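Trainee: My structure is below; once you've seen it, I'll send some questions.
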Amino acid sequence: MRTINYIVIHCTATQPDVKIETIKRYWKENLKWKNPGYHYMIKADGQIVNTLPIDQVSNGVAGWNSQIINISYIGGIDKSNHPKDTRTEEQKKSIVKLLRELKSKFPNAKIQGHRDFPNVHKACPSFDAKKEYAGLLII
């Protein structure tokens with residue numbers, strides 16, 4: 001298993017009803033990525049979908065991916081394509097559940113948002129993940 005130093009929260013920067021297959025097709029056809037951008041994607045109904053085994057490297061944060069597990073909720077923009085926290089209550093609960101599971105496996109990993117990395121100039125995940133999950137307890 002690779003060394004995991006970060007668990008990173010993202011948004012897909014899409015409307016909340018976009019299908020995972022549509023996002024995966026965009027990665028492959030437009031970005032020419034061999035691997036998905038995230039290890040986990042969380043649908044609006046809270047369903048957690050594992051899109052890549054965590055022992056493999058995804059494409060979430062350029063230059064950092066070898067030490068990251070990437071999680072994204074589907075959504076993150078308003079109808080005008082501006083950054084907005086669109087997480088449903090179900091997504092919020094699923095993110096916390098998944099973070100607790102991952103922190104139990106990787107207790108030293110820092111939880112933060114994509115925007116918290118150096119030289120990242122985007123709002124992703126459209127909320128302050130570092131602050132929101134700072135006090136997350138492992139149950």
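Each chain in the structure tokens gets a letter, A, B and so on, in the order shown; residues start at 1 in every chain, and ligands are counted from 1 in the order they appear.
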Residues of stretch 65-126 of chain A within 7 Å of stretch 12-21 of chain A: nearest atom pair and distance (Å, one decimal) for each, counting only C-alpha atoms, sorted by chain and number, as a tab-separated table?
Mentor:
```
residue	atom	partner	partner_atom	distance
A:Ser72	CA	A:Thr12	CA	6.3
A:Tyr73	CA	A:Thr12	CA	6.4
A:Ile74	CA	A:Pro16	CA	5.2
A:Gly75	CA	A:Pro16	CA	4.1
A:Gly76	CA	A:Ala13	CA	4.9
A:Ile77	CA	A:Ala13	CA	5.5
```
Trainee: For the structure I just gave you, how does DSSP split chain A - specifically, which residues are strand (DSSP E or B)? Reply as a ChimeraX atom specification.
Mentor: /A:6-11,14,40-42,48-50,68-73,76-77,83,110-113
Trainee: Just C-alpha atoms for this one: save the residues we selected as a compact mmCIF listing (two decimals), in the first residue's frame.
Mentor:
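This is the output file result-v4.txt:
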```txt
# COMPACT_ATOMS: atom_id res chain seq x y z
CA TYR A 6 -3.93 13.40 2.74
CA ILE A 7 -7.59 12.61 2.33
CA VAL A 8 -8.88 15.25 -0.04
CA ILE A 9 -12.44 16.44 -0.55
CA HIS A 10 -13.51 17.63 -3.99
CA CYS A 11 -16.65 18.59 -5.83
CA THR A 14 -21.16 19.85 -12.13
CA TYR A 40 -14.82 7.75 -4.31
CA MET A 41 -17.75 9.72 -5.66
CA ILE A 42 -20.84 10.50 -3.62
CA ILE A 48 -20.81 6.11 -2.08
CA VAL A 49 -19.33 4.77 -5.33
CA ASN A 50 -15.77 3.44 -5.32
CA ILE A 68 -3.75 11.17 -1.59
CA ILE A 69 -7.10 9.46 -1.39
CA ASN A 70 -9.50 11.64 -3.39
CA ILE A 71 -13.21 11.88 -2.53
CA SER A 72 -15.73 13.95 -4.45
CA TYR A 73 -19.37 14.79 -4.05
CA GLY A 76 -20.43 22.06 -6.28
CA ILE A 77 -21.77 24.73 -8.63
CA PRO A 83 -18.98 27.68 -6.97
CA LYS A 110 -4.75 15.23 6.95
CA ILE A 111 -8.24 15.98 5.70
CA GLN A 112 -8.51 19.03 3.49
CA GLY A 113 -10.11 20.40 0.37
```
Trainee: Identify which of the residues A:Lys24, A:Lys97, A:Lys34, A:Lys79 lies closest to A:Gln47, counting only C-alpha atoms when measuring atom-to-atom distances.
Mentor: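 Nearest to A:Gln47: A:Lys97.
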Trainee: Pull the alpha helix (DSSP H) assignments for stretch 3-133 of chain A out of DSSP run on the backbone, and list those residues as number ranges by chain.
Mentor: A: 20-29, 89-105, 129-132
Trainee: Hey, can you spit out that residue selection with C-alpha atoms as a short mmCIF file (atom, residue, chain, number, x, y, z; two decimals), in the first residue's frame?
Mentor:
```
data_model
loop_
_atom_site.label_atom_id
_atom_site.label_comp_id
_atom_site.auth_asym_id
_atom_site.auth_seq_id
_atom_site.Cartn_x
_atom_site.Cartn_y
_atom_site.Cartn_z
CA ILE A 20 -20.85 9.21 -12.80
CA GLU A 21 -20.45 7.59 -16.21
CA THR A 22 -20.67 11.02 -17.85
CA ILE A 23 -17.89 12.32 -15.60
CA LYS A 24 -15.73 9.24 -16.23
CA ARG A 25 -16.22 9.61 -19.99
CA TYR A 26 -15.11 13.27 -19.77
CA TRP A 27 -11.93 12.25 -17.93
CA LYS A 28 -11.10 9.61 -20.51
CA GLU A 29 -12.11 11.38 -23.72
CA GLU A 89 -27.73 16.07 3.85
CA GLU A 90 -27.24 12.54 2.53
CA GLN A 91 -23.93 13.51 0.92
CA LYS A 92 -22.77 15.23 4.10
CA LYS A 93 -23.51 12.08 6.14
CA SER A 94 -21.80 9.82 3.60
CA ILE A 95 -18.68 12.01 3.48
CA VAL A 96 -18.37 11.85 7.28
CA LYS A 97 -18.92 8.08 7.27
CA LEU A 98 -16.26 7.58 4.60
CA LEU A 99 -13.81 9.96 6.28
CA ARG A 100 -14.15 8.07 9.56
CA GLU A 101 -13.46 4.77 7.81
CA LEU A 102 -10.44 6.15 6.00
CA LYS A 103 -9.04 7.93 9.07
CA SER A 104 -9.23 4.66 11.01
CA LYS A 105 -6.97 3.13 8.31
CA ALA A 129 -13.33 21.13 4.26
CA LYS A 130 -10.29 21.73 6.46
CA LYS A 131 -12.41 23.63 8.97
CA GLU A 132 -15.52 21.45 8.72
#
```
Trainee: For a test of reading the model, state the distance in Å between atom CA of A:Asp85 and atom CA of A:Gln67, rounded to one decimal.
Mentor: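 Value for the atom CA of A:Asp85-atom CA of A:Gln67 distance: 25.8 Å.
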Trainee: Calculate how many Å separate atom CA of A:Asn65 from atom CA of A:Phe127, rounding to one decimal.
Mentor: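 The value is 20.8 Å.
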Trainee: When distances are computed from only C-alpha atoms, which of A:Pro107, A:Gly46, A:Gly135, A:Gly37 shows the smallest separation from A:Ser58?
Mentor: A:Gly37
Trainee: Write out as JSON, numbers by chain which residues come within 7 Å of A:Pro53 when counting only C-alpha atoms, dropping same-chain ones fewer than 2 positions away.
Mentor: {"A": [39, 55, 56]}
Trainee: Based on the selection just made, write all heavy atoms of those residues as a short mmCIF file (atom, residue, chain, number, x, y, z; two decimals), in the first residue's frame.
Mentor:
```cif
data_model
loop_
_atom_site.label_atom_id
_atom_site.label_comp_id
_atom_site.auth_asym_id
_atom_site.auth_seq_id
_atom_site.Cartn_x
_atom_site.Cartn_y
_atom_site.Cartn_z
N HIS A 39 -11.09 8.51 -5.99
CA HIS A 39 -11.27 7.12 -5.55
C HIS A 39 -12.74 6.84 -5.22
O HIS A 39 -13.23 5.74 -5.42
CB HIS A 39 -10.41 6.84 -4.32
CG HIS A 39 -8.95 6.90 -4.62
ND1 HIS A 39 -8.21 8.06 -4.46
CD2 HIS A 39 -8.11 5.96 -5.09
CE1 HIS A 39 -6.97 7.81 -4.82
NE2 HIS A 39 -6.87 6.56 -5.21
N ASP A 55 -5.36 1.69 -3.41
CA ASP A 55 -3.93 1.42 -3.59
C ASP A 55 -3.41 1.93 -4.94
O ASP A 55 -2.21 1.91 -5.18
CB ASP A 55 -3.62 -0.07 -3.39
CG ASP A 55 -4.28 -0.95 -4.44
OD1 ASP A 55 -5.25 -0.52 -5.10
OD2 ASP A 55 -3.81 -2.10 -4.60
N GLN A 56 -4.31 2.45 -5.77
CA GLN A 56 -3.93 3.03 -7.06
C GLN A 56 -4.00 4.56 -6.97
O GLN A 56 -4.72 5.11 -6.15
CB GLN A 56 -4.83 2.52 -8.17
CG GLN A 56 -4.68 1.02 -8.40
CD GLN A 56 -5.57 0.53 -9.52
OE1 GLN A 56 -5.86 1.25 -10.46
NE2 GLN A 56 -6.01 -0.72 -9.39
#
```
Trainee: Between atom CA of A:Val57 and atom CA of A:Phe106, what is the distance, to one decimal in Å?
Mentor: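 Separating atom CA of A:Val57 from atom CA of A:Phe106 is a distance of 15.8 Å.
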Trainee: Compare A:Thr88, A:Thr51, A:Asn35, A:Asn59 by their minimum atom-to-atom distance to A:His114, counting only C-alpha atoms, and give me the closest one.
Mentor: A:Asn59
